[in-house]
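Comments concern the structure below.
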Amino acid sequence: MKLVIINYGAGNIKSIQFAFKRLGVDAVLSNNPEEILAADKIIFPGVGEASSAMQMLKESGLDVLIPQLKQPVLGICLGMQLLCNYTEEGNTKGLGIFNTHVKRFTNEVKVPQMGWNVIKELKSDLFKGLKENEYMYLVHSYYAEHCAETIATTDYGINYASALQHNNFYGVQFHPEKSSLAGEKILKNFLEL
């Protein structure tokens with residue numbers, strides 16, 4: 001299996017690469033369109049600020065390539081948020097895969113949300129073998145609003161979409177690569193989709 005992690009300068013890609021290595025898969029880091037198109041599965045990571053990450057995607061032409069992908073794609077953290085229509089962070093237009101907006105948490109909660117929280121209302125083969133209320137590791141100041149594509153939810157001052165799916169595109173707000181055995185199971189399920 002050829003697994004590509006999109007390397008566009010805005011991701012904690014080493015920890016994702018190590019997580020797949022533990023599952024026996026050597027992930028290739030690449031921003032090369034031919035290599036991405038030839039992959040069986042694709043990880044779209046993201047850490048940092050949305051507008052600068054989107055600018056990096058545009059500079060490499062990946063903003064046009066990513067929405068055209070037909071193989072399973074997993075957006076992680078900011079990667080998931082960039083797959084949405086719009087994010088308040090930097091007033092940024094997203095890639096428009098998920099029909100929802102990304103908003104900042106209010107100051108009624110500690111921002112960013114940092115640490116372990118549960119995911120529930122699980123609705124996808126991505127979560128096969130997981131129980132409701134599994135703990136996942138999250139670090140984020142912005143959240144995706146609910147939409148028809150919500151496949152998991154989390155509570156943090158508000159109930160929000162912590163995972164999304166549209167056709168071959170999957171997105172998770174949490175970091176499966178840092179979420180112990182339950183997170184590893186999600187990565188394994190993604191490989192088996």
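Note on naming: chains are A, B, ... as they come in the structure tokens, residues start from 1 per chain, ligands start from 1 in the order shown.
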Requested in this report: Please provide as a ChimeraX atom specification all residues within 6 Å of stretch 178-187 of chain A, with the sequence filter that same-chain residues fewer than 3 positions apart are discarded (counting only C-alpha atoms).
Outcome: /A:126-127,136-137,175,190
Extract the full set of strand (DSSP E) residues from stretch 47-155 of chain A according to DSSP on the backbone, and format it as a short mmCIF file (atom, residue, chain, number, x, y, z; two decimals) with C-alpha atoms, in the first residue's frame.
```cif
data_model
loop_
_atom_site.label_atom_id
_atom_site.label_comp_id
_atom_site.auth_asym_id
_atom_site.auth_seq_id
_atom_site.Cartn_x
_atom_site.Cartn_y
_atom_site.Cartn_z
CA VAL A 73 -8.09 11.18 2.34
CA LEU A 74 -7.82 11.78 6.10
CA GLY A 75 -7.52 15.39 7.26
CA ILE A 76 -6.13 15.74 10.78
CA CYS A 84 -14.34 22.94 5.36
CA ASN A 85 -15.96 25.84 3.49
CA TYR A 86 -14.57 28.59 5.69
CA THR A 87 -12.71 29.21 8.94
CA THR A 92 -9.90 31.97 5.46
CA LYS A 93 -11.84 30.35 2.62
CA PHE A 98 -17.15 19.66 4.11
CA ASN A 99 -20.19 21.92 4.02
CA THR A 100 -19.59 23.67 7.33
CA HIS A 101 -17.81 26.62 8.93
CA VAL A 102 -15.05 26.63 11.52
CA LYS A 103 -15.50 29.01 14.46
CA ARG A 104 -13.42 30.06 17.45
CA GLN A 113 -8.73 23.10 24.27
CA MET A 114 -5.66 21.06 25.12
CA GLY A 115 -5.71 17.49 26.36
CA TRP A 116 -7.98 14.47 26.42
CA ASN A 117 -11.69 14.59 25.63
CA VAL A 118 -14.25 12.03 24.47
CA ILE A 119 -15.73 11.45 21.02
CA GLU A 134 -13.37 6.95 23.68
CA TYR A 135 -10.76 9.50 24.77
CA MET A 136 -8.81 11.35 22.07
CA TYR A 137 -6.07 13.96 22.32
CA LEU A 138 -7.00 17.46 21.10
CA VAL A 139 -5.21 20.80 20.78
CA HIS A 140 -7.30 23.47 19.06
CA TYR A 142 -11.35 26.55 16.54
CA TYR A 143 -14.07 23.95 15.96
CA ALA A 144 -16.22 22.76 13.05
CA THR A 150 -20.70 14.99 11.06
CA ILE A 151 -19.55 11.47 12.03
CA ALA A 152 -18.45 12.16 15.64
CA THR A 153 -19.08 14.86 18.21
CA THR A 154 -17.29 16.26 21.25
CA ASP A 155 -18.39 18.62 24.03
#
```
Report task. Check the DSSP output for the backbone and give back, as an MDAnalysis selection string, the residues of stretch 6-165 of chain A in alpha helix (DSSP H). Result -> chainID A and resid 13:22 33:37 50:60 62:65 78:82
Limited to N, CA, C and O atoms, could you put the picked residues into a file as a short mmCIF file (atom, residue, chain, number, x, y, z; two decimals), in the first residue's frame?
```cif
data_model
loop_
_atom_site.label_atom_id
_atom_site.label_comp_id
_atom_site.auth_asym_id
_atom_site.auth_seq_id
_atom_site.Cartn_x
_atom_site.Cartn_y
_atom_site.Cartn_z
N ILE A 13 4.24 16.23 10.98
CA ILE A 13 4.15 15.02 10.18
C ILE A 13 4.98 13.86 10.71
O ILE A 13 4.65 12.72 10.45
N LYS A 14 6.02 14.15 11.47
CA LYS A 14 6.87 13.06 11.97
C LYS A 14 6.10 12.12 12.90
O LYS A 14 6.22 10.91 12.81
N SER A 15 5.28 12.69 13.79
CA SER A 15 4.54 11.83 14.73
C SER A 15 3.51 10.98 13.98
O SER A 15 3.25 9.83 14.35
N ILE A 16 2.93 11.53 12.89
CA ILE A 16 1.99 10.75 12.08
C ILE A 16 2.74 9.63 11.37
O ILE A 16 2.30 8.49 11.33
N GLN A 17 3.91 9.97 10.82
CA GLN A 17 4.73 8.97 10.12
C GLN A 17 5.12 7.83 11.07
O GLN A 17 5.02 6.65 10.71
N PHE A 18 5.51 8.17 12.30
CA PHE A 18 5.89 7.14 13.29
C PHE A 18 4.69 6.27 13.66
O PHE A 18 4.83 5.06 13.84
N ALA A 19 3.51 6.89 13.77
CA ALA A 19 2.30 6.12 14.13
C ALA A 19 2.01 5.06 13.07
O ALA A 19 1.67 3.92 13.39
N PHE A 20 2.16 5.41 11.79
CA PHE A 20 1.92 4.43 10.73
C PHE A 20 3.05 3.39 10.68
O PHE A 20 2.80 2.23 10.36
N LYS A 21 4.27 3.79 11.03
CA LYS A 21 5.39 2.84 11.07
C LYS A 21 5.09 1.75 12.10
O LYS A 21 5.37 0.57 11.88
N ARG A 22 4.49 2.15 13.24
CA ARG A 22 4.10 1.17 14.27
C ARG A 22 3.07 0.19 13.72
O ARG A 22 2.96 -0.94 14.20
N PRO A 33 2.58 16.44 -6.86
CA PRO A 33 1.24 16.05 -7.33
C PRO A 33 1.17 14.63 -7.90
O PRO A 33 0.21 13.90 -7.61
N GLU A 34 2.17 14.21 -8.68
CA GLU A 34 2.15 12.86 -9.27
C GLU A 34 2.19 11.80 -8.18
O GLU A 34 1.47 10.80 -8.26
N GLU A 35 3.02 12.03 -7.18
CA GLU A 35 3.16 11.06 -6.09
C GLU A 35 1.86 10.99 -5.26
O GLU A 35 1.41 9.92 -4.87
N ILE A 36 1.25 12.15 -5.04
CA ILE A 36 -0.01 12.20 -4.28
C ILE A 36 -1.11 11.48 -5.06
O ILE A 36 -1.85 10.67 -4.51
N LEU A 37 -1.20 11.75 -6.36
CA LEU A 37 -2.24 11.12 -7.19
C LEU A 37 -2.08 9.61 -7.27
O LEU A 37 -3.05 8.88 -7.41
N ALA A 50 -4.52 28.92 10.09
CA ALA A 50 -5.23 28.53 8.87
C ALA A 50 -4.85 29.35 7.64
O ALA A 50 -4.61 28.78 6.57
N SER A 51 -4.78 30.68 7.75
CA SER A 51 -4.55 31.48 6.54
C SER A 51 -3.16 31.24 5.97
O SER A 51 -2.98 31.15 4.75
N SER A 52 -2.15 31.10 6.84
CA SER A 52 -0.80 30.85 6.33
C SER A 52 -0.69 29.43 5.77
O SER A 52 -0.01 29.21 4.76
N ALA A 53 -1.39 28.46 6.37
CA ALA A 53 -1.39 27.09 5.84
C ALA A 53 -2.06 27.07 4.47
O ALA A 53 -1.56 26.44 3.53
N MET A 54 -3.17 27.79 4.32
CA MET A 54 -3.86 27.85 3.02
C MET A 54 -2.97 28.52 1.97
O MET A 54 -2.94 28.10 0.81
N GLN A 55 -2.23 29.53 2.39
CA GLN A 55 -1.30 30.20 1.46
C GLN A 55 -0.24 29.21 0.96
O GLN A 55 0.09 29.19 -0.22
N MET A 56 0.27 28.36 1.86
CA MET A 56 1.26 27.36 1.46
C MET A 56 0.66 26.36 0.48
O MET A 56 1.32 25.93 -0.46
N LEU A 57 -0.62 25.98 0.69
CA LEU A 57 -1.29 25.07 -0.24
C LEU A 57 -1.41 25.72 -1.62
O LEU A 57 -1.16 25.09 -2.65
N LYS A 58 -1.77 26.99 -1.64
CA LYS A 58 -1.94 27.71 -2.92
C LYS A 58 -0.62 27.83 -3.67
O LYS A 58 -0.57 27.67 -4.89
N GLU A 59 0.45 28.11 -2.94
CA GLU A 59 1.75 28.27 -3.58
C GLU A 59 2.22 27.00 -4.26
O GLU A 59 2.95 27.05 -5.24
N SER A 60 1.79 25.85 -3.74
CA SER A 60 2.21 24.57 -4.33
C SER A 60 1.15 23.97 -5.25
O SER A 60 1.34 22.88 -5.78
N LEU A 62 -1.61 22.75 -4.36
CA LEU A 62 -2.32 21.66 -3.69
C LEU A 62 -3.77 22.04 -3.37
O LEU A 62 -4.61 21.16 -3.19
N ASP A 63 -4.08 23.34 -3.35
CA ASP A 63 -5.45 23.78 -3.11
C ASP A 63 -6.37 23.34 -4.25
O ASP A 63 -7.57 23.15 -4.05
N VAL A 64 -5.81 23.17 -5.44
CA VAL A 64 -6.58 22.70 -6.60
C VAL A 64 -6.58 21.17 -6.65
O VAL A 64 -7.59 20.54 -6.94
N LEU A 65 -5.44 20.57 -6.32
CA LEU A 65 -5.28 19.11 -6.41
C LEU A 65 -6.13 18.36 -5.38
O LEU A 65 -6.83 17.40 -5.71
N LEU A 78 -5.88 20.82 11.84
CA LEU A 78 -6.05 21.92 10.89
C LEU A 78 -6.33 21.40 9.49
O LEU A 78 -7.06 22.03 8.72
N GLY A 79 -5.82 20.21 9.16
CA GLY A 79 -6.12 19.60 7.87
C GLY A 79 -7.62 19.42 7.68
O GLY A 79 -8.16 19.72 6.62
N MET A 80 -8.31 18.95 8.72
CA MET A 80 -9.76 18.82 8.65
C MET A 80 -10.42 20.18 8.48
O MET A 80 -11.31 20.36 7.66
N GLN A 81 -9.97 21.17 9.24
CA GLN A 81 -10.57 22.50 9.19
C GLN A 81 -10.41 23.13 7.80
O GLN A 81 -11.32 23.80 7.31
N LEU A 82 -9.28 22.91 7.16
CA LEU A 82 -9.04 23.47 5.83
C LEU A 82 -9.91 22.80 4.77
O LEU A 82 -10.12 23.36 3.70
#
```
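Look at A:Lys128: the protein and nucleic acid residues within 10 Å of it, using only C-alpha atoms and passing over chain neighbours fewer than 3 places away, are A:Leu122, A:Lys123, A:Ser124, A:Asp125, A:Lys131, A:Lys185, A:Ile186, A:Lys188, A:Asn189, A:Phe190.
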Take the residues just selected and output them with C-alpha atoms as a PDB file, in the first residue's frame.
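Everything below was put into selection_33.pdb:
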```pdb
ATOM      1  CA  LEU A 122     -19.734   7.645  16.082  1.00  0.00           C
ATOM      2  CA  LYS A 123     -21.121   7.033  12.582  1.00  0.00           C
ATOM      3  CA  SER A 124     -18.444   5.664  10.258  1.00  0.00           C
ATOM      4  CA  ASP A 125     -16.272   2.632   9.511  1.00  0.00           C
ATOM      5  CA  LYS A 131     -16.779   2.316  21.842  1.00  0.00           C
ATOM      6  CA  LYS A 185      -7.248   1.791  15.813  1.00  0.00           C
ATOM      7  CA  ILE A 186      -8.656   4.744  13.818  1.00  0.00           C
ATOM      8  CA  LYS A 188      -5.675   1.145  11.165  1.00  0.00           C
ATOM      9  CA  ASN A 189      -9.345   1.468  10.139  1.00  0.00           C
ATOM     10  CA  PHE A 190      -8.397   4.216   7.691  1.00  0.00           C
TER      11      PHE A 190
END
```
Report task. Just the residues within 8 Å of A:Gly157, please, counting only C-alpha atoms, with nothing from its chain fewer than 2 positions along; format it as a ChimeraX atom specification. Result -> /A:105,108-109,155,159
Would you output that residue set with N, CA and C atoms, as an mmCIF file, in the first residue's frame?
```
data_model
loop_
_atom_site.group_PDB
_atom_site.id
_atom_site.type_symbol
_atom_site.label_atom_id
_atom_site.label_comp_id
_atom_site.auth_asym_id
_atom_site.auth_seq_id
_atom_site.Cartn_x
_atom_site.Cartn_y
_atom_site.Cartn_z
ATOM 1 N N PHE A 105 -13.693 28.959 19.605
ATOM 2 C CA PHE A 105 -14.354 28.745 20.888
ATOM 3 C C PHE A 105 -14.540 30.101 21.577
ATOM 4 N N GLU A 108 -15.695 31.537 27.188
ATOM 5 C CA GLU A 108 -16.320 30.870 28.340
ATOM 6 C C GLU A 108 -15.583 29.581 28.694
ATOM 7 N N VAL A 109 -14.739 29.104 27.775
ATOM 8 C CA VAL A 109 -13.904 27.924 28.045
ATOM 9 C C VAL A 109 -12.438 28.320 27.863
ATOM 10 N N ASP A 155 -17.911 17.473 23.259
ATOM 11 C CA ASP A 155 -18.395 18.615 24.032
ATOM 12 C C ASP A 155 -17.215 19.387 24.614
ATOM 13 N N ASN A 159 -21.335 21.589 21.856
ATOM 14 C CA ASN A 159 -21.184 20.300 21.182
ATOM 15 C C ASN A 159 -20.834 20.592 19.727
#
```
**Report entry** Nearest to A:Asp26 by atom-to-atom distance, counting only C-alpha atoms, from A:Pro72, A:Gly94, A:His146, A:Leu191
**Finding:**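 Answer, going by the shortest atom-to-atom distance: A:Leu191.
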Query raised in the report: Which value, in Å to one decimal, gives the distance between atom CA of A:Leu23 and atom CA of A:Pro176?
Result: 12.8 Å
Report task. Considering only C-alpha atoms, return as a PyMOL selection string whatever protein or nucleic-acid residues lie within 9 Å of A:Leu3, sequence-local ones (same chain, fewer than 2 positions apart) excluded. Result -> chain A and resi 1+5+25-29+36+39-43+191
Report summary line: With distances taken over only C-alpha atoms, the candidate from A:Ala148, A:Leu83, A:Ile66, A:Leu193 nearest A:Asn32 is A:Ile66
